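Notes for the one structure printed next.
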Amino acid sequence: MAKELIFGHQNPDTDAIGTAIAYSYFQNHFGFDTEAVALGEPNDETAFALKKFGFEAPRVIKTAANEVDAVMLVDHNEPQQSVSDIDKVTVTHVVDHHRIMNFNTAAPLYFRDEPVGCTSTVLWQMFNEKGLEIPQNIADIMLSAIISDTLLLKSPTTTDKDHEAVEALAKIAGVDYKSYGLEMLKAGTNIADKSEEDLIDLDAKSFELNGHTVRIAQVNTVDLPEAMERKAAFIGAMEASSKANSYDMFVLVLTDILESNSEGIVVGSDETKSLFEKAFDKKLVDSAVELPGVVSRKKQVVPPLTEAFEG
């Protein structure tokens with residue numbers, strides 16, 4: 001069987017990298033020849049989890065077609081979030097938990113997408129359905145992915161299945177998921193030594209909303225006022241990135257992981273800013289707005305923006 005690469009989205013987070021590693025183990029057990037790779041370097045949080053559980057970071061690829069004819073995707077399906085030459089390879093499998101958008105294939109494939117908090121939760125179910133035992137180190141990295149994506153089960157994306165998966169995986173991993181989870185999440189909030197240009201690209205995704213390209217970045221912190229002191233510099237970096245990449249709007253969501261609140265910073269045209277205000281029923285003040293209770297890009301930011309842009 002020809003080799004296939006497995007990877008998550010660009011600017012990978014713990015789910016994108018962790019689930020790729022776990023899914024590669026899963027598929028190889030059933031006779032596939034796969035390698036987990038990444039579309040970027042791991043962030044601080046992901047690096048912390050990988051190091052703690054003895055994993056090497058997957059190698060980073062820029063293109064796939066020069067290596068393989070087929071790939072498997074985890075934690076994404078939208079082409080603009082994938083490898084640059086996704087149109088030159090065959091996608092044979094997708095395991096995801098996001099909306100499905102602009103995804104077309106020439107042949108049938110395995111596609112599993114469930115409305116849960118993390119792709120590793122879907123994969124945990126797949127292990128159970130196949131009766132495949134999860135090794136401790138794989139449980140470690142899957143647990144890390146779910147904790148990351150659900151903000152330690154506090155995100156509104158969290159479901160009963162996520163709770164079940166965390167409890168089961170923590171038992172296999174032999175860790176107190178609450179104390180470990182807080183330690184891991186805090187490891188990803190060190191933003192003081194990073195530039196604004198780096199921060200707005202660490203966890204950012206592009207979305208096509210009714211003909212507009214909208215870039216949404218999220219940065220986790222434990223000190224929201226301190227992060228907001230850098231607003232002017234963030235705006236400068238966002239405007240430069242928008243100009244270089246033809247984004248119609250750039251939204252930065254600064255999230256306090258301890259208080260479960262966010263502040264948004266928005267750059268764009270008067271039209272797109274007006275649509276943002278419509279989406280959240282809030283007025284931007286000097287390009288910023290408080291977003292109390294907002295912690296999930298997938299569930300609390302993208303859906304209202306989609307409705308506003310398409311309304």
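Here, A, B, ... name the chains of the structure tokens in the order displayed, residue numbers run from 1 inside each chain, and ligands are numbered from 1 in the same displayed order.
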
Distance query Phe276 of chain A at most 8 Å, only C-alpha atoms, self and fewer than 3 positions along chain excluded, as a list of chain:residue names |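 My list of contacting residues is A:Thr272, A:Lys273, A:Ala279, A:Phe280, A:Leu305, A:Ala308.
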
Can you tell me, as a short mmCIF file (atom, residue, chain, number, x, y, z; two decimals) with N, CA, C and O atoms, in the first residue's frame, what residues are no more than 9 Å from Met101 of chain A when counting only C-alpha atoms, ignoring any on the same chain fewer than 4 positions away?
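See selection_19.cif below for the written result:
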```cif
data_model
loop_
_atom_site.label_atom_id
_atom_site.label_comp_id
_atom_site.auth_asym_id
_atom_site.auth_seq_id
_atom_site.Cartn_x
_atom_site.Cartn_y
_atom_site.Cartn_z
N ASN A 77 -11.05 20.68 6.99
CA ASN A 77 -11.41 20.20 5.66
C ASN A 77 -11.39 21.33 4.63
O ASN A 77 -11.33 21.06 3.44
N GLU A 78 -11.41 22.59 5.08
CA GLU A 78 -11.45 23.71 4.14
C GLU A 78 -10.09 23.85 3.45
O GLU A 78 -9.05 23.90 4.11
N PRO A 79 -10.08 23.91 2.12
CA PRO A 79 -8.82 23.90 1.36
C PRO A 79 -7.85 25.02 1.75
O PRO A 79 -6.64 24.80 1.79
N GLU A 208 -13.84 31.82 4.12
CA GLU A 208 -14.51 32.48 3.01
C GLU A 208 -15.96 32.72 3.42
O GLU A 208 -16.73 31.77 3.61
#
```

What residues in segment 58-300 of chain A get the DSSP label helix (DSSP H, G or I)? Please answer as JSON, numbers by chain.
-> {"A": [79, 80, 81, 86, 87, 88, 119, 120, 121, 122, 123, 124, 125, 126, 127, 128, 129, 130, 136, 137, 138, 139, 140, 141, 142, 143, 144, 145, 146, 147, 148, 149, 150, 160, 161, 162, 163, 164, 165, 166, 167, 168, 169, 170, 171, 172, 173, 177, 178, 179, 180, 181, 182, 183, 184, 185, 186, 187, 196, 197, 198, 199, 200, 201, 202, 224, 225, 226, 227, 228, 231, 232, 233, 234, 235, 236, 237, 238, 239, 240, 241, 242, 243, 244, 245, 270, 271, 272, 273, 274, 275, 276, 277, 278, 279, 280, 297, 298, 299, 300]}

Could you pull the residues within 8 Å of segment 247-263 of chain A, counting only C-alpha atoms, minus those fewer than 6 positions along the same chain, as JSON, numbers by chain?
-> {"A": [151, 154, 185, 200, 212, 213, 214, 215, 216, 217, 218, 219, 220, 221, 222, 223, 224, 227, 238, 239, 241, 269, 272, 273, 288, 289, 290, 291, 292, 293, 294, 295]}

Using DSSP on the backbone coordinates, identify all residues within segment 149-294 of chain A classified as strand (DSSP E or B); present the result as number ranges by chain.
-> A: 204-209, 212-221, 249-256, 261-268, 285, 288-291

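Considering only C-alpha atoms, the residue among A:Glu35, A:Asp281, A:Glu196, A:Asp201 positioned nearest to Lys231 of chain A is A:Glu196.
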
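Of note, atom CA of Glu129 of chain A and atom CA of Val175 of chain A are spaced 24.1 Å apart.
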
Contacts of Ala36 of chain A at 10 Å (only C-alpha atoms; same-chain gap of 5+ positions) as a ChimeraX atom specification = /A:4-8,17-25,57-60,72

Residues within 12 Å of Asp15 of chain A, only C-alpha atoms, excluding chain neighbours under 5 positions, as a ChimeraX atom specification = /A:7-10,20-23,38,42-43,45-46,49-50,74-76,95-97,117-123,141-151,203

Keeping C-alpha atoms, export the residues of the selection given above as a PDB file, in the first residue's frame.
```pdb
ATOM      1  CA  PHE A   7      -1.829  16.269   8.935  1.00  0.00           C
ATOM      2  CA  GLY A   8      -3.989  18.934  10.513  1.00  0.00           C
ATOM      3  CA  HIS A   9      -4.487  22.556   9.500  1.00  0.00           C
ATOM      4  CA  GLN A  10      -1.956  25.334   8.978  1.00  0.00           C
ATOM      5  CA  ALA A  20      -2.500  13.395  13.446  1.00  0.00           C
ATOM      6  CA  ILE A  21      -0.091  11.358  15.595  1.00  0.00           C
ATOM      7  CA  ALA A  22      -2.905   9.273  17.083  1.00  0.00           C
ATOM      8  CA  TYR A  23      -4.693   8.750  13.757  1.00  0.00           C
ATOM      9  CA  ALA A  38       2.547  19.068  10.352  1.00  0.00           C
ATOM     10  CA  PRO A  42       4.183  23.357  17.279  1.00  0.00           C
ATOM     11  CA  ASN A  43       3.155  26.255  19.499  1.00  0.00           C
ATOM     12  CA  GLU A  45       1.360  24.537  24.473  1.00  0.00           C
ATOM     13  CA  THR A  46       1.744  21.719  21.958  1.00  0.00           C
ATOM     14  CA  ALA A  49       2.585  18.264  25.675  1.00  0.00           C
ATOM     15  CA  LEU A  50       4.886  16.588  23.169  1.00  0.00           C
ATOM     16  CA  VAL A  74      -7.567  15.728  10.583  1.00  0.00           C
ATOM     17  CA  ASP A  75      -9.060  18.761  12.329  1.00  0.00           C
ATOM     18  CA  HIS A  76      -9.888  20.592   9.103  1.00  0.00           C
ATOM     19  CA  VAL A  95     -11.710  13.140  10.568  1.00  0.00           C
ATOM     20  CA  ASP A  96     -12.908  16.526  11.781  1.00  0.00           C
ATOM     21  CA  HIS A  97     -15.232  18.505  14.065  1.00  0.00           C
ATOM     22  CA  GLY A 117     -15.238  19.734  21.134  1.00  0.00           C
ATOM     23  CA  CYS A 118     -12.194  18.086  19.596  1.00  0.00           C
ATOM     24  CA  THR A 119     -11.179  15.789  16.746  1.00  0.00           C
ATOM     25  CA  SER A 120      -9.483  13.474  19.231  1.00  0.00           C
ATOM     26  CA  THR A 121     -12.900  12.866  20.786  1.00  0.00           C
ATOM     27  CA  VAL A 122     -14.093  11.538  17.431  1.00  0.00           C
ATOM     28  CA  LEU A 123     -10.965   9.402  17.175  1.00  0.00           C
ATOM     29  CA  ILE A 141      -1.523  13.136  23.412  1.00  0.00           C
ATOM     30  CA  MET A 142      -5.240  12.645  22.665  1.00  0.00           C
ATOM     31  CA  LEU A 143      -6.087  13.829  26.182  1.00  0.00           C
ATOM     32  CA  SER A 144      -3.905  16.891  25.630  1.00  0.00           C
ATOM     33  CA  ALA A 145      -5.735  17.660  22.393  1.00  0.00           C
ATOM     34  CA  ILE A 146      -9.172  17.536  24.013  1.00  0.00           C
ATOM     35  CA  ILE A 147      -8.085  19.644  26.985  1.00  0.00           C
ATOM     36  CA  SER A 148      -6.658  22.202  24.555  1.00  0.00           C
ATOM     37  CA  ASP A 149      -9.660  22.460  22.257  1.00  0.00           C
ATOM     38  CA  THR A 150     -12.233  22.548  25.070  1.00  0.00           C
ATOM     39  CA  LEU A 151     -10.195  24.768  27.414  1.00  0.00           C
ATOM     40  CA  ASP A 203      -3.424  30.189  15.803  1.00  0.00           C
TER      41      ASP A 203
END
```

Please provide the set of residues having any atom within 7 Å of segment 167-171 of chain A, restricted to only C-alpha atoms, with same-chain residues fewer than 5 positions apart removed, written as number ranges by chain.
-> A: 139, 143, 176-177

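Shortest atom-to-atom contact with Phe26 of chain A among A:Lys298, A:Lys243, A:Lys62, A:Lys130: A:Lys130, counting only C-alpha atoms.
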
Point-to-point distance from atom CA of Val166 of chain A to atom CA of Met126 of chain A, Å rounded to tenths =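 Atom-to-atom, atom CA of Val166 of chain A and atom CA of Met126 of chain A are spaced 14.7 Å apart.
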